[in-house]
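Working notes for the structure below.
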Amino acid sequence: MTITEKILAFHSGQKEVKPGQFILADVDIALGNDITAPLAIQEIEKLGKEALPYPEKVVLVADHFTPNKDKESANQCLKLKNFAKKFNVKNFFELGCGGIEHALLPEEGFIIPGQLIIGADSHTCSYGALGAFATGVGSTDLAFAMLSGKIWLKVPESIKFIYNGKLNNWVTSKDLILYTIGDIGVDGADYKAMEFEGEAIRKLSIDARLTMCNMAIEAGGKSGIIAPDEITIEYINQLPITNYQLPILKSDKDAKYAKTIEYDVSEIEPQVAFPHLPSNTKSVSQAGNIELDQVVIGSCTNGRLEDLRIAAEILKGKKVHPYTRTIIIPATQKIYLKALKEGLLEIFINAGAVVSPPTCGPCIGGHMGVLAKGEKCLATTNRNFVGRMGDSQSEVYLASPAVAAASAVKGKITHPEEIISG
Amino acid sequence: MIIKGKIHKFGDNINTDEIIPAPYLVTTDIKELGKHCMYGIDSSFITKVRESDIIVAGRNFGCGSSREHAPLAIQGCGVALVIAQSFARIFYRNCVNVGLPILISDEIYKSIKPDDVLEADLSKGEIKNITQNKIFQVSAFPSLLQEIIEAGGLMKWYLLNKFET
């Protein structure tokens with residue numbers, strides 16, 4: 001079996017599962033946010049329920065339209081808080097207590113290798129970075145999981161992606177996943193588990209692995225997963241948690257895959273996805289002269305400490321272009337504080353960037369960085385669909401924090417080497 | 001269950017931001033969501049759509065976010081059925097869970113013309129293109145999903161199966 005099949009077999013009480021099989025599996029963590037949880041709460045209230053069987057498995061995070069952008073979004077967050085109080089959900093993260101969900105849950109120790117995590121947010125697949133099976137579902141699934149502790153799933157086929165070789169300078173996990181999506185397309189892994197392997201993956205930090213698995217959904221993937229190793233164990237051991245077990249988990253040698261795709265990463269340059277699909281990728285050196293009105297560094301994809309350090313390395317002692325407003329969003333309060341202590345925020349502010357509180361805001365065109373008609377933005381986020389970040393005639397380009405920081409300085413899409421060596 | 005209505009045709013990779021843009025996700029009211037259905041790709045869609053109409057689309061319909069507001073907005077504006085060459089997986093499961101009928105068909109998408117009228121007999125899996133006088137057969141759902149759909153969605157299936165702990 002693959003690592004994915006092993007986790008799903010364990011959680012459905014079976015010795016073995018096969019791709020295509022439907023199972024009812026036990027959920028370890030069920031996540032909802034201020035957009036998706038209110039619908040789930042409404043379903044639970046309709047049934048007149050007074051208690052949840054496993055409130056400790058529920059995590060609620062107010063992150064999408066926070067700090068509340070208007071009275072309607074304030075009302076959605078209030079629904080979360082009232083539900084958490086009434087149903088004794090201790091893991092409720094109000095503004096100021098948490099941050100962007102997919103950066104927050106690993107940091108708070110909710111994600112352990114071998115677990116089954118569902119979240120009413122498509123980027124729940126991020127947690128595969130720690131060797132968990134994690135997948136995005138809808139609000140009704142979340143309601144069902146909160147009430148029953150279970151989820152219905154079709155066991156996915158897996159595709160194995162092997163990344164051989166050594167990464168070039170300024171090439172990050174964001175570039176690897178953009179390159180991969182560019183190669184297989186936005187439905188290239190539809191319904192499938194994307195298993196990432198190879199020497200380049202083994203050297204990636206957990207922050208970088210989270211970026212990679214985060215975007216599995218952009219290829220249509222049900223999940224992304226990286227088998228746990230020493231780096232995973234080291235990460236888990238420094239978390240504020242006890243009483244956990246770390247299973248040794250990896251795919252069997254004779255595990256079956258829908259296909260295996262190999263890349264030589266030494267051939268990959270920093271990538272940029274052009275409007276309006278994440279698969280519309282080019283090497284930055286082929287981007288041409290694209291002038292930018294806005295740069296955003298943050299989101300559940302690239303708002304972690306390692307991302308901010310890379311951005312600071314490039315922005316140190318520089319100024320962002322006067323016509324390119326630059327928004328930097330530490331993904332959680334803890335990341336924000338570490339960035340503050342390391343002096344990163346000072347570098348950003350001196351460079352003329354604005355540092356925003358943790359929020360999904362601009363990534364979904366919600367608030368705190370929405371685009372006007374005709375504007376172009378390069379963002380470290382995960383989607384560049386039509387109108388994703390504001391006006392339907394604005395454009396979003398996706399890239400790594402290194403490319404984003406370099407592009408902010410020049411005011412146009414730029415390779416980081418142009419800033420650091422020049 | 002028989003559904004008869006005029007079709008509205010869309011292309012490949014219609015994403016959930018196009019079906020219901022994020023700024024409209026500040027409500028859980030289906031009718032309110034329905035007022036902004038497909039706003040991200042065709043702002044005049046809601047003036048054209050009628051009760052019991054049918055969306056026909058290409059590959060990967062509903063890709064993007066997990067927002068269940070997308071199938072709810074489609075239901076809220078009166079659309080009774082979505083037929084596509086393929087669906088993104090979270091959208092697909094959301095449709096099963098909220099009881100929005102969906103069908104997968106390559107042939108229907110390829111042969112459909114704007115304003116064609118279809119009649120779908122969901123229990124038989126038989127779709128008639130009344131305008132073109134053609135009949136198509138589509139395959140049934142896997143049995144667990146059929147059970148959830150017949151129950152009227154996941155929450156109703158939950159009640160039938162006594163998951164109480």
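To be explicit about the labels: the chains of the structure tokens are called A, B, and onward in the order shown, and within each one the residues are counted from 1, while ligands get numbers from 1 in the order they are shown.
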Next item on the list: Per DSSP on the backbone, filter region 73-162 of chain B down to the residues in alpha helix (DSSP H) and report them as a count of residues only.
Entry: 37
Checklist line | Residue hits in chain B, query chain A, radius 6 Å, only C-alpha atoms, as a PyMOL selection string | finding: chain B and resi 23+26+28+65-66+68+89-90+94+163
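Every protein or nucleic acid residue with an atom no more than 8 Å from Lys35 (chain B), counting only C-alpha atoms and leaving out same-chain residues fewer than 2 positions away, appears here: B:Lys31, B:Glu32, B:Leu33, B:Cys37, B:Ile46, B:Ala73, B:Gly76, B:Cys77.
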Notebook entry, point to check: Neighbours of Asn97 (chain B) within 10 Å (only C-alpha atoms; same-chain residues fewer than 2 positions away dropped), as a PyMOL selection string?
Noted result: (chain A and resi 138-141+144) or (chain B and resi 68+71+91-95+99-100+145+148-149+151-157)
Just the selected residues (N, CA and C atoms), exported as a short mmCIF file (atom, residue, chain, number, x, y, z; two decimals), in the first residue's frame, please.
```cif
data_model
loop_
_atom_site.label_atom_id
_atom_site.label_comp_id
_atom_site.auth_asym_id
_atom_site.auth_seq_id
_atom_site.Cartn_x
_atom_site.Cartn_y
_atom_site.Cartn_z
N GLY A 138 -16.28 20.15 2.29
CA GLY A 138 -17.25 21.24 2.38
C GLY A 138 -17.78 21.40 3.80
N SER A 139 -18.68 22.36 3.94
CA SER A 139 -19.23 22.67 5.26
C SER A 139 -20.11 21.55 5.80
N THR A 140 -20.87 20.90 4.92
CA THR A 140 -21.73 19.81 5.39
C THR A 140 -20.88 18.63 5.86
N ASP A 141 -19.76 18.39 5.16
CA ASP A 141 -18.82 17.37 5.64
C ASP A 141 -18.31 17.73 7.03
N PHE A 144 -21.00 17.04 9.55
CA PHE A 144 -21.10 15.59 9.72
C PHE A 144 -19.94 15.08 10.59
N GLU B 68 -18.86 25.66 0.06
CA GLU B 68 -20.11 24.99 -0.27
C GLU B 68 -21.13 26.01 -0.78
N PRO B 71 -22.18 25.36 -4.74
CA PRO B 71 -23.40 24.63 -5.11
C PRO B 71 -24.66 25.27 -4.52
N PHE B 91 -15.97 20.15 -5.04
CA PHE B 91 -17.27 20.60 -5.55
C PHE B 91 -18.21 19.41 -5.72
N TYR B 92 -17.67 18.32 -6.27
CA TYR B 92 -18.45 17.10 -6.50
C TYR B 92 -19.04 16.59 -5.18
N ARG B 93 -18.18 16.50 -4.13
CA ARG B 93 -18.69 15.96 -2.87
C ARG B 93 -19.67 16.93 -2.22
N ASN B 94 -19.42 18.24 -2.40
CA ASN B 94 -20.37 19.22 -1.86
C ASN B 94 -21.74 19.07 -2.50
N CYS B 95 -21.77 18.81 -3.81
CA CYS B 95 -23.06 18.63 -4.49
C CYS B 95 -23.79 17.41 -3.94
N GLY B 99 -27.24 17.81 -1.94
CA GLY B 99 -28.35 17.34 -2.75
C GLY B 99 -28.58 18.13 -4.04
N LEU B 100 -27.50 18.68 -4.63
CA LEU B 100 -27.61 19.29 -5.96
C LEU B 100 -27.26 18.22 -7.00
N LEU B 145 -22.77 6.92 -2.57
CA LEU B 145 -23.19 8.27 -2.95
C LEU B 145 -24.66 8.28 -3.35
N ILE B 148 -26.63 8.50 -0.24
CA ILE B 148 -26.65 9.86 0.34
C ILE B 148 -27.58 10.76 -0.47
N ILE B 149 -27.49 10.65 -1.80
CA ILE B 149 -28.34 11.49 -2.66
C ILE B 149 -29.82 11.15 -2.44
N ALA B 151 -31.15 9.93 0.16
CA ALA B 151 -31.59 10.39 1.49
C ALA B 151 -31.90 11.88 1.48
N GLY B 152 -31.38 12.59 0.47
CA GLY B 152 -31.61 14.03 0.39
C GLY B 152 -30.43 14.84 0.89
N GLY B 153 -29.26 14.22 0.91
CA GLY B 153 -28.05 14.93 1.34
C GLY B 153 -27.45 14.28 2.57
N LEU B 154 -26.24 14.74 2.92
CA LEU B 154 -25.46 14.08 3.97
C LEU B 154 -26.09 14.20 5.36
N MET B 155 -26.67 15.35 5.69
CA MET B 155 -27.24 15.50 7.03
C MET B 155 -28.46 14.59 7.21
N LYS B 156 -29.24 14.43 6.14
CA LYS B 156 -30.40 13.54 6.23
C LYS B 156 -29.93 12.08 6.31
N TRP B 157 -28.85 11.79 5.60
CA TRP B 157 -28.27 10.43 5.67
C TRP B 157 -27.73 10.17 7.08
#
```
Note to self: If I take CA of Ala408 (chain A) and CA of Ala103 (chain A), how far is one from the other in Å, to one decimal?
What the structure shows: 23.8 Å
Next item on the list: Enter the distance from CA of Val58 (chain A) to CA of Ile29 (chain A), in Å, rounded to one decimal.
Entry: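 We find that CA of Val58 (chain A) and CA of Ile29 (chain A) lie 5.9 Å from each other.
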Notebook entry, point to check: How far is it from CA of Val272 (chain A) to CA of Ile226 (chain A), in Å with one decimal?
Noted result: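 Separation between CA of Val272 (chain A) and CA of Ile226 (chain A): 23.7 Å.
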